[in-house]
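Okay, structure first, notes after.
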Amino acid sequence: MMWLLAQAGHPVAMHEATLAHYLFVAAAMFVIGVIGFLTRRNLIVMFLCTELMFLAAGIAAIAFGRFWLDYTGQSLVIFVVTVAAAEAAMALALVVLLFRKRETLSAEAWQELKG
Amino acid sequence: MTMLADMLSAMTSPAAGGQVSHGAGLMMLVPVLTLLGVALCTLCAIFRVKSKLPAWISVGCLAGSFVAVAATYAGFDGGVKIAHAFEWITFHWSDAPVSGGKASFVANFSFYIDNLTLLWMLFVTGLATLIALYASEYMSHDVGTGYCRFFVAFCLFVFSMACLVMGDNLLLLYLGWEGVGLCSYLLIGYFYKKPSAVAAAKKAFIMNRIGDLGLALGIMLTFVHFGSIEYTVIFEKAKPYLAAMSEGRYGDIPTMVKVIPLLLMVGAFGKSAQLPLYVWLPDAMEGPTPVSALIHAATMVTAGVYLIARTYPLFLLSEWALPIVAWVGTLTAFLAATIGMAQFDIKRIMAYSTVSQLGYMFAGLGVLASTGAAFHVFTHAFFKAMLFLSCGAVMHGFAGQLDLRKLSGVAFMKGWGIVGIAMFVGCLNLAGFPFTAGYFSKDMILAEAFTTPGMAGIGWVLLLTAGLTAYYTFRVFFRVFVGPKHFEPGDEVHAHDDHGHGDGHGHAGDHGGHGHADGHGNGHGHGSHEFHPHAPGWAINTVLAILTVATIAAAGAYFLKPADGGHGGWVGGMVHSSSAAYESPFVHHEAADGHAKGHAAALPSAYRTGEAGHGGTFLGWDPHKVMYYVSAVVGALGILVAFVLHYAGRTSAATSRADALLTKVGGVARLAQRKWLVDELYDALIRKPLWVLSNVFHLIDKLVVDGLVDLAGFIPRAVGGSIRPAQSGVLHGYALGMAGGLALFLVIVLLVTFA
């Protein structure tokens, strides 16, 4: 942890947030998302974890955009968020339907498609 | 419409007396009327007519055809007339000459009308009319079911036969040839729910295809060599060869020409049930009896005889063709007669008798007695049709009973008189009893066999066969039609047993016990379970009566003076002025004098083993003079033997004096009864090896070919199988895989970047 803070640049006083800080947050959010996706069985929670990973990628993109003074990152993220919103609506509807079929939210209830 | 216009113009144009001229358009009515019959009967079938209407349509159309033929004959001046209907197949591909002709292929729908054609068409249409009338009653059980189907095939058969006999080219003959084969197949398999009938139909069809292959090749070779398949052209081009033949210069005739008759005769052997292709005809008796009478006795099976008679000039060109025809016919006649002697099914006996008599006709053609052969075709058509129709009446009346051990004294039962008389006259004809038609026609062949040099062996075998024929014929007559009255009905149960004859019918069913005809011959159905035979009705009786008179009258044809003043009676006159005459008009010399063949110059040299200019003799006498007496004695002997063995002292239907004899020669008799195991022989020689071969091929296909294909299919399946477990269906497994892959990718990137 300390190593990571040292990488951020200013060990003593944190006057301003640097690119490294943003990337650190983004990486942390992404890893949390991955771990959550791998460990939880609840379909809704797993879905929230994917959203977390999305947004982590978005933060990284905005940070880089700001760093290079380029707006491409921001505009990309606007698209990502839009798509994510639409996809969330779809995914939640699917989850509801899946729940109705099996009366459970566990992902392990769905294992039919296998070789 | 063109056809009708042609027909009308042909009818109105004055008859020209030349060698080949146009005319005889009236004959066009035969195919038109028969096709009309087919169409109308088909309509009856479509509208599910539940009456005897199709029978009356057929009788009307066929009678019209007969009248057309008779009218043509009445106004016929001899020679050859071509009646052109329409262009059928015409190809021209170049003007370059092929074998002296232009490179074109022409097969018109035209009819070649000469006396031979008229002779055939007269008895074909006449008998077809009578037998259609007979069938109207005989098939009455099937009114509303197969009745229309029967008459459609019946009319189609006569149409095909007309094409076969009247066609002016070999292709039209072939069309008719296949057409009659098809109708034969359809009608043998008429009772298609009966496995044996279906098997018999298939057997007939396949056997005929073997023969037809020969015919097709023969026609092709004719075209290749002569550049045409029209009779007029072929006969014209064959003239130089015939001249060479008559001078004995066989070396001048190309081998290809000599092969043509050998191929054509294979077709004739198939259609006319000769060795080795005869086995289908006895099985063809599975069809309804009118079919057996018309197709498998009187008309279709004589198509082979017609083919050879029509293309006789070609057969004369090969020194081997006619002797082969003669010996095949003779051996068939003898073999079939021996089998017929041992059978118990009266229809089968008649079938073998047909094979045997066809053998006579072929032998007649082979020994240059084309007149005798044609005469025998003519007389045989009448008396054999009559015999079959009589047997059919018995079968119809006794619920399908055909076993001669289970019927006796039928002629004396009430209502069976006409059948008995018809059968008697028919048997006398078949046995060659003096002064019957069959006697004169058979006699002509026998005499010619002894006259033709080098053919005496054939004469002796045929003479012996004549005796056997008389025996087996009268064996049937003495067993079934005379003697103590007795019958056991067959096992044909008709669900609806009223077909309007007024006779009583019980149910022939389950216990079908013995019955004695006296007492309840004609009683009306009184609900008892006893079987009552029903005597034939008016249609069957009328037809049998007409045929009886016609058969007796046919003998008169022998005494009619032929138009050309030659020998052979009326039929002789008809044959001499056609292509079947071996003397004229193709080889010019004086008309035959009816005695020993003095015109040796016209004889194919194959027959010239004796002294040139002299015919053979019968034990030193002139065959033409003594054969009357000899064959009469032989026939009478056969009848006498049958009388002693099967009539004298017989008290029941099942036993006779022959039984004692049978115990002594039982082995031979049983072998003959099993048809000399010919079917089994074919089975072992042809069917079984083919079966084994096909199984070998099947195995090769299964192991080698399928193995290779399966191997190609196995590889992707094996690859897929090895990685299939990765697809576990567990969502977290996939997620872990993705995360692991991502991690691995990161590690690689880091290593590459920082190492």
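Identifiers in the structure tokens: chain A, B, ... in order shown; residue index from 1 per chain; ligand index from 1 in order shown.
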
task: Pull the alpha helix (DSSP H) assignments for chain A out of DSSP run on the backbone, and list those residues as a PyMOL selection string.
output: chain A and resi 2-8+19-39+43-68+72-102

task: Using only C-alpha atoms, select each residue of chain B with any atom at most 8 Å away from an atom of chain A, and give the selection as a PyMOL selection string.
output: chain B and resi 724-732+735-736+739

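Distance-wise, CA of Leu173 (chain B) and CA of Leu119 (chain B) end up 16.4 Å apart.
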
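Residues lying within 9 Å of region 641-650 of chain B, counting only C-alpha atoms and ignoring same-chain neighbours fewer than 3 positions away, are Ala470, Tyr471, Tyr472, Thr473, Phe474, Arg475, Val476, Phe478, Arg479, Val482, Gly483, Pro484, Ala636, Leu637, Gly638, Ala653, Thr655, Ser656, Arg657, Ala658, Asp659 and Leu661 of chain B.
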
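Neighbouring residues of Gly340 (chain B) at 10 Å or closer, counting only C-alpha atoms and skipping chain neighbours under 2 positions away, are Pro282, Phe334, Leu335, Ala336, Ala337, Thr338, Ala342, Gln343, Phe344, Asp345, Ile346, Arg348, Ile349, Met350, Ala351, Tyr352, Ser353, Thr354, Val355, Ser356, Leu468, Thr469, Tyr471, Tyr472, Thr473, Ala672, Gln673 and Lys675 of chain B.
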
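Residues lying within 9 Å of Gln74 (chain A), counting only C-alpha atoms and ignoring same-chain neighbours fewer than 3 positions away, are A:Gly58, A:Ala61, A:Ile62, A:Ala63, A:Gly65, A:Arg66, A:Asp70, A:Tyr71, A:Val77, A:Ile78, A:Phe79.
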
Just write the chosen residues, C-alpha atoms, as a JSON list (two decimals), in the first residue's frame.
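Output contents, as saved in again.json:
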[["chain", "number", "residue", "atom", "x", "y", "z"],
["A", 58, "GLY", "CA", -14.67, 4.79, -17.45],
["A", 61, "ALA", "CA", -10.58, 6.79, -19.56],
["A", 62, "ILE", "CA", -11.61, 10.19, -18.13],
["A", 63, "ALA", "CA", -8.39, 10.45, -16.17],
["A", 65, "GLY", "CA", -8.44, 12.30, -21.17],
["A", 66, "ARG", "CA", -7.83, 14.96, -18.61],
["A", 70, "ASP", "CA", -8.25, 15.38, -24.85],
["A", 71, "TYR", "CA", -12.03, 14.96, -24.79],
["A", 77, "VAL", "CA", -17.48, 7.33, -21.29],
["A", 78, "ILE", "CA", -20.74, 9.12, -22.05],
["A", 79, "PHE", "CA", -21.41, 6.41, -24.61]]

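Nearest to Leu105 (chain A) of all the residues A:Ala56, A:Leu43, A:Leu69, A:Met29 is A:Leu43, counting only C-alpha atoms.
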
10 Å contact set for Leu92 (chain A), only C-alpha atoms, chain neighbours under 5 positions out, as a list in words: Leu43, Ile44, Phe47, Glu87, Leu97 and Leu98 of chain A

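Counting from CA of Leu264 (chain B), the distance to CA of Leu213 (chain B) is 9.3 Å.
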
- prompt: Skipping near chain neighbours, those fewer than 6 positions away, what residues fall within 12 Å of Ala57 (chain A) using only C-alpha atoms, listed as a PyMOL selection string?
  reply: chain A and resi 22-31+33+50-51+63-64+73-74+76-77+80-81

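Counting from CA of Leu703 (chain B), the distance to CA of Val719 (chain B) is 23.4 Å.
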
Hey, which bits of region 325-393 of chain B sit within 6 Å of region 424-446 of chain B, and for each residue what's the closest pair of atoms and how far apart in Å (one decimal), counting only C-alpha atoms, rows by chain and increasing number, as CSV?
residue,atom,partner,partner_atom,distance
B:Gly364,CA,B:Ile445,CA,5.1
B:Gly372,CA,B:Met444,CA,5.1
B:Phe375,CA,B:Ser441,CA,5.5
B:His376,CA,B:Ser441,CA,4.8
B:Thr379,CA,B:Gly438,CA,5.9
B:Phe383,CA,B:Gly426,CA,5.0
B:Leu387,CA,B:Gly426,CA,5.6

message: Nearest residue to Gly270 (chain B) out of B:Gly167, B:Pro288, B:Gly64, B:Gly304, using only C-alpha atoms?
response: B:Gly304
